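Structure file my_file.cif (mmCIF, C-alpha atoms and all ligand atoms) is printed below.
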data_data
#
loop_
_atom_site.group_PDB
_atom_site.id
_atom_site.type_symbol
_atom_site.label_atom_id
_atom_site.label_comp_id
_atom_site.auth_asym_id
_atom_site.auth_seq_id
_atom_site.Cartn_x
_atom_site.Cartn_y
_atom_site.Cartn_z
ATOM 1 C CA MET A 1 235.500 219.384 226.761
ATOM 2 C CA VAL A 2 235.655 215.863 228.267
ATOM 3 C CA ARG A 3 234.301 214.424 225.065
ATOM 4 C CA GLN A 4 236.753 216.249 222.777
ATOM 5 C CA GLU A 5 239.726 215.403 224.998
ATOM 6 C CA LEU A 6 238.892 211.683 225.182
ATOM 7 C CA VAL A 7 238.150 211.470 221.467
ATOM 8 C CA ALA A 8 241.509 213.146 220.769
ATOM 9 C CA ARG A 9 243.351 210.633 222.966
ATOM 10 C CA HIS A 10 241.675 207.672 221.248
ATOM 11 C CA LEU A 11 242.379 209.070 217.795
ATOM 12 C CA ASP A 12 246.045 209.746 218.545
ATOM 13 C CA GLU A 13 246.427 206.249 219.986
ATOM 14 C CA GLN A 14 244.815 204.556 216.974
ATOM 15 C CA ILE A 15 246.702 206.686 214.435
ATOM 16 C CA ALA A 16 250.014 206.000 216.206
ATOM 17 C CA GLY A 17 249.277 202.267 216.214
ATOM 18 C CA ARG A 18 248.508 202.127 212.498
ATOM 19 C CA PHE A 19 250.569 204.655 210.554
ATOM 20 C CA PRO A 20 254.297 205.463 210.540
ATOM 21 C CA VAL A 21 255.297 208.408 212.755
ATOM 22 C CA GLY A 22 255.451 211.632 210.742
ATOM 23 C CA GLN A 23 253.320 210.405 207.801
ATOM 24 C CA ARG A 24 251.052 213.185 206.591
ATOM 25 C CA LEU A 25 247.627 211.552 206.615
ATOM 26 C CA ARG A 26 244.672 212.500 204.448
ATOM 27 C CA VAL A 27 241.810 213.038 206.877
ATOM 28 C CA LEU A 28 238.124 213.557 206.071
ATOM 29 C CA ASP A 29 235.960 214.944 208.905
ATOM 30 C CA VAL A 30 232.283 214.495 208.047
ATOM 31 C CA GLY A 31 229.967 216.801 210.012
ATOM 32 C CA MET A 32 232.998 218.573 211.407
ATOM 33 C CA GLY A 33 230.914 221.190 213.250
ATOM 34 C CA GLN A 34 233.160 223.851 214.794
ATOM 35 C CA GLY A 35 236.160 221.765 213.675
ATOM 36 C CA THR A 36 237.798 220.896 217.015
ATOM 37 C CA GLN A 37 239.319 217.596 215.836
ATOM 38 C CA ALA A 38 239.885 218.761 212.248
ATOM 39 C CA LEU A 39 241.974 221.739 213.383
ATOM 40 C CA ARG A 40 243.816 219.656 215.962
ATOM 41 C CA LEU A 41 244.805 217.081 213.322
ATOM 42 C CA ALA A 42 245.856 219.837 210.918
ATOM 43 C CA ARG A 43 248.048 221.328 213.672
ATOM 44 C CA ALA A 44 249.571 217.846 214.077
ATOM 45 C CA GLY A 45 250.668 218.013 210.423
ATOM 46 C CA HIS A 46 247.895 216.154 208.585
ATOM 47 C CA SER A 47 245.897 217.281 205.520
ATOM 48 C CA VAL A 48 242.301 217.695 206.566
ATOM 49 C CA THR A 49 239.097 218.035 204.585
ATOM 50 C CA GLY A 50 236.008 219.086 206.519
ATOM 51 C CA LEU A 51 232.581 218.323 205.055
ATOM 52 C CA GLU A 52 229.695 220.112 206.752
ATOM 53 C CA SER A 53 226.061 220.536 205.694
ATOM 54 C CA ASP A 54 225.180 223.464 207.949
ATOM 55 C CA VAL A 55 226.194 226.830 206.495
ATOM 56 C CA GLN A 56 226.279 228.480 209.917
ATOM 57 C CA MET A 57 228.600 225.807 211.368
ATOM 58 C CA LEU A 58 230.801 226.096 208.315
ATOM 59 C CA LYS A 59 231.101 229.830 208.941
ATOM 60 C CA VAL A 60 232.152 229.157 212.561
ATOM 61 C CA ALA A 61 234.762 226.638 211.353
ATOM 62 C CA ARG A 62 236.044 229.084 208.695
ATOM 63 C CA GLU A 63 236.427 231.798 211.328
ATOM 64 C CA ALA A 64 238.331 229.405 213.613
ATOM 65 C CA LEU A 65 240.573 228.363 210.718
ATOM 66 C CA ALA A 66 241.281 231.997 209.840
ATOM 67 C CA THR A 67 243.012 232.471 213.214
ATOM 68 C CA GLU A 68 245.514 229.656 212.484
ATOM 69 C CA PRO A 69 248.984 230.255 210.979
ATOM 70 C CA GLU A 70 249.216 230.005 207.184
ATOM 71 C CA GLY A 71 251.077 226.669 207.268
ATOM 72 C CA ILE A 72 248.074 225.089 208.987
ATOM 73 C CA ARG A 73 245.429 226.944 206.984
ATOM 74 C CA GLU A 74 246.835 225.604 203.724
ATOM 75 C CA ARG A 75 246.454 222.011 204.923
ATOM 76 C CA VAL A 76 242.696 222.412 205.554
ATOM 77 C CA ARG A 77 239.860 222.356 203.016
ATOM 78 C CA LEU A 78 236.328 223.146 204.181
ATOM 79 C CA ILE A 79 233.503 222.009 201.951
ATOM 80 C CA GLU A 80 229.754 222.544 202.207
ATOM 81 C CA GLY A 81 228.039 219.228 201.538
ATOM 82 C CA ASP A 82 226.134 216.249 202.840
ATOM 83 C CA GLY A 83 227.973 213.352 204.483
ATOM 84 C CA ARG A 84 225.515 210.984 202.793
ATOM 85 C CA GLU A 85 226.918 212.086 199.427
ATOM 86 C CA THR A 86 230.672 211.849 199.865
ATOM 87 C CA GLY A 87 230.842 210.167 196.421
ATOM 88 C CA VAL A 88 229.806 213.495 194.847
ATOM 89 C CA HIS A 89 232.868 215.258 196.262
ATOM 90 C CA PHE A 90 235.664 212.681 196.515
ATOM 91 C CA LEU A 91 237.080 209.632 194.761
ATOM 92 C CA PRO A 92 236.899 206.237 196.486
ATOM 93 C CA GLY A 93 239.984 205.371 198.539
ATOM 94 C CA SER A 94 241.191 208.965 198.811
ATOM 95 C CA PHE A 95 241.533 209.196 202.623
ATOM 96 C CA ASP A 96 243.578 207.444 205.322
ATOM 97 C CA VAL A 97 241.265 208.470 208.157
ATOM 98 C CA VAL A 98 237.556 209.296 208.045
ATOM 99 C CA LEU A 99 235.930 210.870 211.125
ATOM 100 C CA CYS A 100 232.191 210.906 211.655
ATOM 101 C CA HIS A 101 231.630 212.206 215.169
ATOM 102 C CA GLY A 102 228.244 213.108 216.595
ATOM 103 C CA VAL A 103 226.539 212.918 213.209
ATOM 104 C CA LEU A 104 224.966 209.473 212.906
ATOM 105 C CA MET A 105 222.256 210.432 215.423
ATOM 106 C CA TYR A 106 220.867 212.904 212.848
ATOM 107 C CA VAL A 107 220.870 210.464 209.933
ATOM 108 C CA GLU A 108 217.810 208.297 209.262
ATOM 109 C CA GLU A 109 219.571 205.611 207.222
ATOM 110 C CA PRO A 110 223.006 205.354 208.817
ATOM 111 C CA ASP A 111 224.048 202.119 207.070
ATOM 112 C CA ALA A 112 224.000 203.718 203.621
ATOM 113 C CA MET A 113 225.998 206.680 204.882
ATOM 114 C CA LEU A 114 228.530 204.413 206.620
ATOM 115 C CA ALA A 115 229.003 202.365 203.455
ATOM 116 C CA GLY A 116 229.767 205.591 201.591
ATOM 117 C CA LEU A 117 232.287 206.655 204.262
ATOM 118 C CA ALA A 118 234.023 203.246 204.175
ATOM 119 C CA ARG A 119 234.400 203.603 200.384
ATOM 120 C CA MET A 120 236.314 206.851 200.919
ATOM 121 C CA LEU A 121 239.026 204.952 202.821
ATOM 122 C CA ALA A 122 242.222 203.580 201.311
ATOM 123 C CA PRO A 123 243.000 199.956 202.296
ATOM 124 C CA GLY A 124 244.088 199.860 205.952
ATOM 125 C CA GLY A 125 242.416 203.240 206.583
ATOM 126 C CA LEU A 126 240.645 204.103 209.840
ATOM 127 C CA LEU A 127 236.953 204.887 210.207
ATOM 128 C CA SER A 128 236.344 206.750 213.487
ATOM 129 C CA LEU A 129 232.702 206.886 214.601
ATOM 130 C CA LEU A 130 231.290 208.640 217.645
ATOM 131 C CA VAL A 131 227.673 207.682 218.321
ATOM 132 C CA ARG A 132 225.113 207.907 221.125
ATOM 133 C CA ASN A 133 225.022 204.577 222.980
ATOM 134 C CA ALA A 134 221.523 203.099 222.623
ATOM 135 C CA ASP A 135 222.390 200.267 225.027
ATOM 136 C CA ALA A 136 222.678 202.700 227.957
ATOM 137 C CA LEU A 137 219.972 205.302 227.284
ATOM 138 C CA ALA A 138 218.366 204.768 230.706
ATOM 139 C CA VAL A 139 221.509 205.921 232.551
ATOM 140 C CA ARG A 140 221.096 209.670 232.029
ATOM 141 C CA PRO A 141 217.420 209.928 233.125
ATOM 142 C CA GLY A 142 217.988 207.295 235.835
ATOM 143 C CA LEU A 143 220.868 209.162 237.488
ATOM 144 C CA ALA A 144 218.815 212.359 237.289
ATOM 145 C CA GLY A 145 215.946 210.664 239.174
ATOM 146 C CA ASP A 146 213.645 210.762 236.136
ATOM 147 C CA TRP A 147 212.191 207.302 236.616
ATOM 148 C CA ALA A 148 209.538 207.546 233.902
ATOM 149 C CA GLY A 149 212.247 208.627 231.459
ATOM 150 C CA ALA A 150 214.533 205.807 232.547
ATOM 151 C CA LEU A 151 211.815 203.184 232.148
ATOM 152 C CA ALA A 152 210.915 204.460 228.682
ATOM 153 C CA ALA A 153 214.589 204.518 227.629
ATOM 154 C CA PHE A 154 215.186 200.785 228.152
ATOM 155 C CA ASP A 155 213.282 199.813 225.027
ATOM 156 C CA SER A 156 214.125 202.822 222.916
ATOM 157 C CA ASP A 157 216.685 203.647 220.232
ATOM 158 C CA SER A 158 215.964 207.359 220.301
ATOM 159 C CA TYR A 159 216.338 210.145 222.842
ATOM 160 C CA THR A 160 215.940 213.887 223.191
ATOM 161 C CA ASN A 161 219.275 215.670 222.919
ATOM 162 C CA ARG A 162 220.394 218.803 224.802
ATOM 163 C CA LEU A 163 218.948 220.965 222.019
ATOM 164 C CA GLY A 164 215.541 219.357 222.646
ATOM 165 C CA LEU A 165 215.620 217.459 219.323
ATOM 166 C CA PRO A 166 214.495 213.817 219.068
ATOM 167 C CA VAL A 167 217.463 211.905 217.623
ATOM 168 C CA ARG A 168 218.707 208.341 217.059
ATOM 169 C CA ALA A 169 221.106 206.271 219.106
ATOM 170 C CA ASP A 170 223.102 203.214 217.978
ATOM 171 C CA ARG A 171 223.776 199.792 219.470
ATOM 172 C CA LEU A 172 227.257 198.300 219.561
ATOM 173 C CA ALA A 173 226.131 194.914 218.216
ATOM 174 C CA ALA A 174 224.275 196.435 215.248
ATOM 175 C CA LEU A 175 227.160 198.749 214.356
ATOM 176 C CA THR A 176 229.590 195.837 214.591
ATOM 177 C CA ARG A 177 227.485 193.938 212.041
ATOM 178 C CA THR A 178 227.265 197.006 209.792
ATOM 179 C CA LEU A 179 231.026 197.557 209.880
ATOM 180 C CA ASP A 180 231.576 193.904 208.958
ATOM 181 C CA GLY A 181 229.150 194.298 206.059
ATOM 182 C CA ILE A 182 230.912 197.363 204.627
ATOM 183 C CA ALA A 183 234.431 195.860 204.764
ATOM 184 C CA ALA A 184 235.599 198.068 207.624
ATOM 185 C CA PRO A 185 235.359 195.636 210.568
ATOM 186 C CA LEU A 186 235.435 196.903 214.136
ATOM 187 C CA HIS A 187 238.994 197.082 215.425
ATOM 188 C CA THR A 188 238.555 198.756 218.849
ATOM 189 C CA TRP A 189 235.935 200.699 220.740
ATOM 190 C CA TYR A 190 235.875 203.011 223.751
ATOM 191 C CA GLY A 191 233.176 204.506 225.950
ATOM 192 C CA VAL A 192 233.074 208.298 226.222
ATOM 193 C CA ARG A 193 231.544 210.075 229.250
ATOM 194 C CA VAL A 194 230.802 207.341 231.754
ATOM 195 C CA PHE A 195 230.733 209.618 234.810
ATOM 196 C CA THR A 196 230.060 213.121 233.495
ATOM 197 C CA ASP A 197 227.131 212.775 231.103
ATOM 198 C CA ASN A 198 224.795 214.670 233.427
ATOM 199 C CA VAL A 199 227.142 217.636 233.872
ATOM 200 C CA SER A 200 225.786 220.730 232.135
ATOM 201 C CA ASN A 201 227.689 222.009 229.082
ATOM 202 C CA ASP A 202 228.246 225.383 230.741
ATOM 203 C CA ALA A 203 229.478 224.039 234.095
ATOM 204 C CA ASP A 204 232.775 225.637 235.145
ATOM 205 C CA LEU A 205 235.841 223.462 234.596
ATOM 206 C CA PRO A 206 237.469 222.205 237.801
ATOM 207 C CA ALA A 207 241.005 223.281 238.722
ATOM 208 C CA ALA A 208 243.762 221.741 236.561
ATOM 209 C CA ASP A 209 244.801 218.911 238.891
ATOM 210 C CA GLU A 210 241.168 217.928 239.549
ATOM 211 C CA LEU A 211 240.426 218.083 235.808
ATOM 212 C CA ALA A 212 243.408 215.800 235.134
ATOM 213 C CA ARG A 213 241.993 213.279 237.637
ATOM 214 C CA LEU A 214 238.509 213.547 236.104
ATOM 215 C CA LEU A 215 239.935 212.854 232.624
ATOM 216 C CA ALA A 216 242.053 209.979 233.925
ATOM 217 C CA ALA A 217 238.973 208.386 235.547
ATOM 218 C CA GLU A 218 236.878 208.870 232.387
ATOM 219 C CA ASP A 219 239.694 207.562 230.207
ATOM 220 C CA ARG A 220 240.112 204.455 232.364
ATOM 221 C CA ALA A 221 236.366 203.743 232.512
ATOM 222 C CA GLY A 222 236.055 204.243 228.757
ATOM 223 C CA ARG A 223 238.445 201.394 228.065
ATOM 224 C CA THR A 224 237.419 199.033 230.889
ATOM 225 C CA ASP A 225 234.566 196.522 231.060
ATOM 226 C CA PRO A 226 231.856 196.748 232.298
ATOM 227 C CA TYR A 227 232.019 200.575 232.652
ATOM 228 C CA ARG A 228 232.507 201.408 228.982
ATOM 229 C CA HIS A 229 229.214 199.693 228.088
ATOM 230 C CA THR A 230 227.354 202.305 230.171
ATOM 231 C CA ALA A 231 229.012 205.330 228.518
ATOM 232 C CA ALA A 232 226.843 208.018 226.956
ATOM 233 C CA LEU A 233 228.793 207.779 223.703
ATOM 234 C CA LEU A 234 230.655 205.005 221.926
ATOM 235 C CA HIS A 235 233.832 205.719 219.973
ATOM 236 C CA LEU A 236 234.352 202.950 217.427
ATOM 237 C CA PHE A 237 237.233 202.367 215.041
ATOM 238 C CA GLY A 238 236.759 200.260 211.932
ATOM 239 C CA VAL A 239 239.654 199.366 209.641
ATOM 240 C CA ARG A 240 239.156 199.189 205.881
ATOM 241 C CA GLY A 241 240.153 195.744 204.639
HETATM 242 C C1 LIG B 301 226.918 217.377 217.174
HETATM 243 S S1 LIG B 301 227.777 218.193 215.885
HETATM 244 C C2 LIG B 301 229.348 217.370 215.962
HETATM 245 C C3 LIG B 301 230.449 218.230 215.431
HETATM 246 C C4 LIG B 301 231.840 217.580 215.469
HETATM 247 N N1 LIG B 301 231.927 216.435 214.568
HETATM 248 C C5 LIG B 301 232.218 217.183 216.856
HETATM 249 O O1 LIG B 301 232.270 215.981 217.154
HETATM 250 O O2 LIG B 301 232.450 218.066 217.688
HETATM 251 C C6 LIG B 301 227.066 217.460 214.420
HETATM 252 C C7 LIG B 301 227.473 218.176 213.140
HETATM 253 O O3 LIG B 301 227.140 217.340 212.046
HETATM 254 C C8 LIG B 301 226.556 218.142 211.028
HETATM 255 N N2 LIG B 301 225.729 217.247 210.196
HETATM 256 C C9 LIG B 301 224.580 216.635 210.542
HETATM 257 N N3 LIG B 301 224.133 215.866 209.528
HETATM 258 C C10 LIG B 301 225.036 216.015 208.524
HETATM 259 C C11 LIG B 301 225.128 215.481 207.212
HETATM 260 N N4 LIG B 301 224.210 214.638 206.719
HETATM 261 N N5 LIG B 301 226.175 215.831 206.444
HETATM 262 C C12 LIG B 301 227.134 216.685 206.914
HETATM 263 N N6 LIG B 301 227.094 217.230 208.149
HETATM 264 C C13 LIG B 301 226.063 216.888 208.940
HETATM 265 C C14 LIG B 301 225.775 219.198 211.797
HETATM 266 O O4 LIG B 301 225.506 220.328 211.006
HETATM 267 C C15 LIG B 301 226.745 219.478 212.949
HETATM 268 O O5 LIG B 301 227.668 220.489 212.622
#
Would you mind giving the structure from this file in structure tokens?
Amino acid sequence: MVRQELVARHLDEQIAGRFPVGQRLRVLDVGMGQGTQALRLARAGHSVTGLESDVQMLKVAREALATEPEGIRERVRLIEGDGRETGVHFLPGSFDVVLCHGVLMYVEEPDAMLAGLARMLAPGGLLSLLVRNADALAVRPGLAGDWAGALAAFDSDSYTNRLGLPVRADRLAALTRTLDGIAAPLHTWYGVRVFTDNVSNDADLPAADELARLLAAEDRAGRTDPYRHTAALLHLFGVRG
């Protein structure tokens, strides 16, 4: 919940700073999962295409979409496909915003995939990436008192996710170089989940006023040095030149 809320705030801020108010944007959400951001952007009036490789996740997203009013449903396209092969489905330059959130950790050759995503953007378009922060992998085991895990994490670019799968993490400096190389240089970045990374996914939400304070603290840390460097996730925005 914290992650989706912060990502939504960053996206709204970056979209508002780049595109005229009221413009219907063409959004591609690669690895959209259950479609939280895709549906939110469609509700905000944008045309959204979701690309998802997992048939089961696509079914969940289709069911969620089916509960939306017709005016929103008709602005959303859901497509089964691989984010590494966007060129098979779409023409270059056909989107204003491309989201790739929580996907890069599952991809072995992220640079090739990122180059493909950048090609999907029209000039001036936004590439929004949410990745696991490899520069701060020792924080989670360290704060949990897992000292062996923390020591191992310092020199590692991989970690075991909450599903127990070994996955990749990315470093800010390397992604900055990649974005430069694919003509979508880094414009801004935020940290996501500085304080709450060790909270279990099924923990009860705090009361509304406490939740508002939690989000305000996370939001502030995610845009403030040095805190944002220690976040569990990095939210980067590249802009297509
Ligand atoms: C951790 S979920 C993130 C979902 C959503 N983007 C979000 O941020 O809430 C990762 C999703 O990416 C999908 N995925 C992983 N690799 C993919 C690929 N190569 N192409 C398309 N989807 C992919 C998975 O099936 C999963 O639904």
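We find atom CA of Ala217 of chain A and atom CA of Val192 of chain A to be spaced 11.0 Å apart.
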From the options A:Asp204, A:Glu210, A:Asp29, A:Glu218, which residue's atoms come nearest to ligand LIG 301 (chain B), counting only C-alpha atoms and all ligand atoms?
A:Asp29
Using all atoms listed in the file, find each residue with an atom at most 7 Å away from ligand LIG 301 (chain B) and format the answer as JSON, numbers by chain.
{"A": [4, 30, 31, 32, 33, 34, 35, 36, 51, 52, 53, 54, 57, 81, 82, 83, 84, 100, 101, 102, 103, 106, 107]}
Fewer than 6 positions away in the same chain doesn't count, so skip those; otherwise give me all residues within 12 Å of segment 7-16 of chain A, counting all atoms listed in the file, as an MDAnalysis selection string.
chainID A and resid 1 22:27 36:41 44 46 96:102 124:131 187:193 215:216 218:220 222:223 233:239
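Note on the selection: in this file the PyMOL selection byres (((chain A and resi 161-166) around 12) and not hetatm) comes out as Gly102, Met105, Tyr106, Val107, Glu108, Arg132, Leu137, Arg140, Pro141, Ser156, Asp157, Ser158, Tyr159, Thr160, Val167, Arg168, Ala169, Asp197, Asn198, Val199, Ser200, Asn201, Asp202 and Ala232 of chain A.
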Box in all listed atoms of segment 200-207 of chain A, axis-aligned, with 3 Å more on each side; write out centre and edge lengths in Å to one decimal as JSON.
{"center_x": 233.4, "center_y": 223.2, "center_z": 233.9, "size_x": 21.2, "size_y": 10.9, "size_z": 15.6}
With the PyMOL selection byres (((chain A and resi 111-115) around 7) and not hetatm) as the selection, what would be picked from this file? Answer as an mmCIF file with C-alpha atoms, in the frame of the given file, please.
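Once written, part_27.cif looks like this:
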data_model
loop_
_atom_site.group_PDB
_atom_site.id
_atom_site.type_symbol
_atom_site.label_atom_id
_atom_site.label_comp_id
_atom_site.auth_asym_id
_atom_site.auth_seq_id
_atom_site.Cartn_x
_atom_site.Cartn_y
_atom_site.Cartn_z
ATOM 1 C CA GLY A 83 227.973 213.352 204.483
ATOM 2 C CA ARG A 84 225.515 210.984 202.793
ATOM 3 C CA GLU A 109 219.571 205.611 207.222
ATOM 4 C CA PRO A 110 223.006 205.354 208.817
ATOM 5 C CA GLY A 116 229.767 205.591 201.591
ATOM 6 C CA LEU A 117 232.287 206.655 204.262
ATOM 7 C CA ALA A 118 234.023 203.246 204.175
ATOM 8 C CA ARG A 119 234.400 203.603 200.384
ATOM 9 C CA THR A 178 227.265 197.006 209.792
ATOM 10 C CA ILE A 182 230.912 197.363 204.627
#
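When atom CA of Arg43 of chain A is paired with atom CA of Pro69 of chain A, their separation reads 9.4 Å.
Candidate residues A:Leu28, A:Leu179, A:Leu151, A:Ile79 were compared for distance to Ala122 of chain A, and the nearest is A:Leu28, using only C-alpha atoms.
Across the structure, atom CA of Arg75 of chain A and atom CA of Phe95 of chain A are spaced 13.9 Å apart.
When only C-alpha atoms are used to measure the gap to Arg18 of chain A, the shortest distance among A:Phe154, A:Pro123, A:Arg171, A:Phe195 belongs to A:Pro123.
Using all atoms listed in the file, the set of residues no farther than 10 Å from the position (235.5, 227.0, 204.5) comprises Thr49, Gly50, Leu51, Glu52, Val55, Met57, Leu58, Lys59, Val60, Ala61, Arg62, Glu63, Ala64, Leu65, Ala66, Val76, Arg77, Leu78, Ile79 and Glu80 of chain A.
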Which residues would end up in the selection if the PyMOL selection byres (((chain A and resi 136) around 8) and not hetatm) were applied here, given that I need the answer as a list in words?
Asn133, Ala134, Asp135, Leu137, Ala138, Val139, Phe154, His229, Thr230, Ala231 and Ala232 of chain A
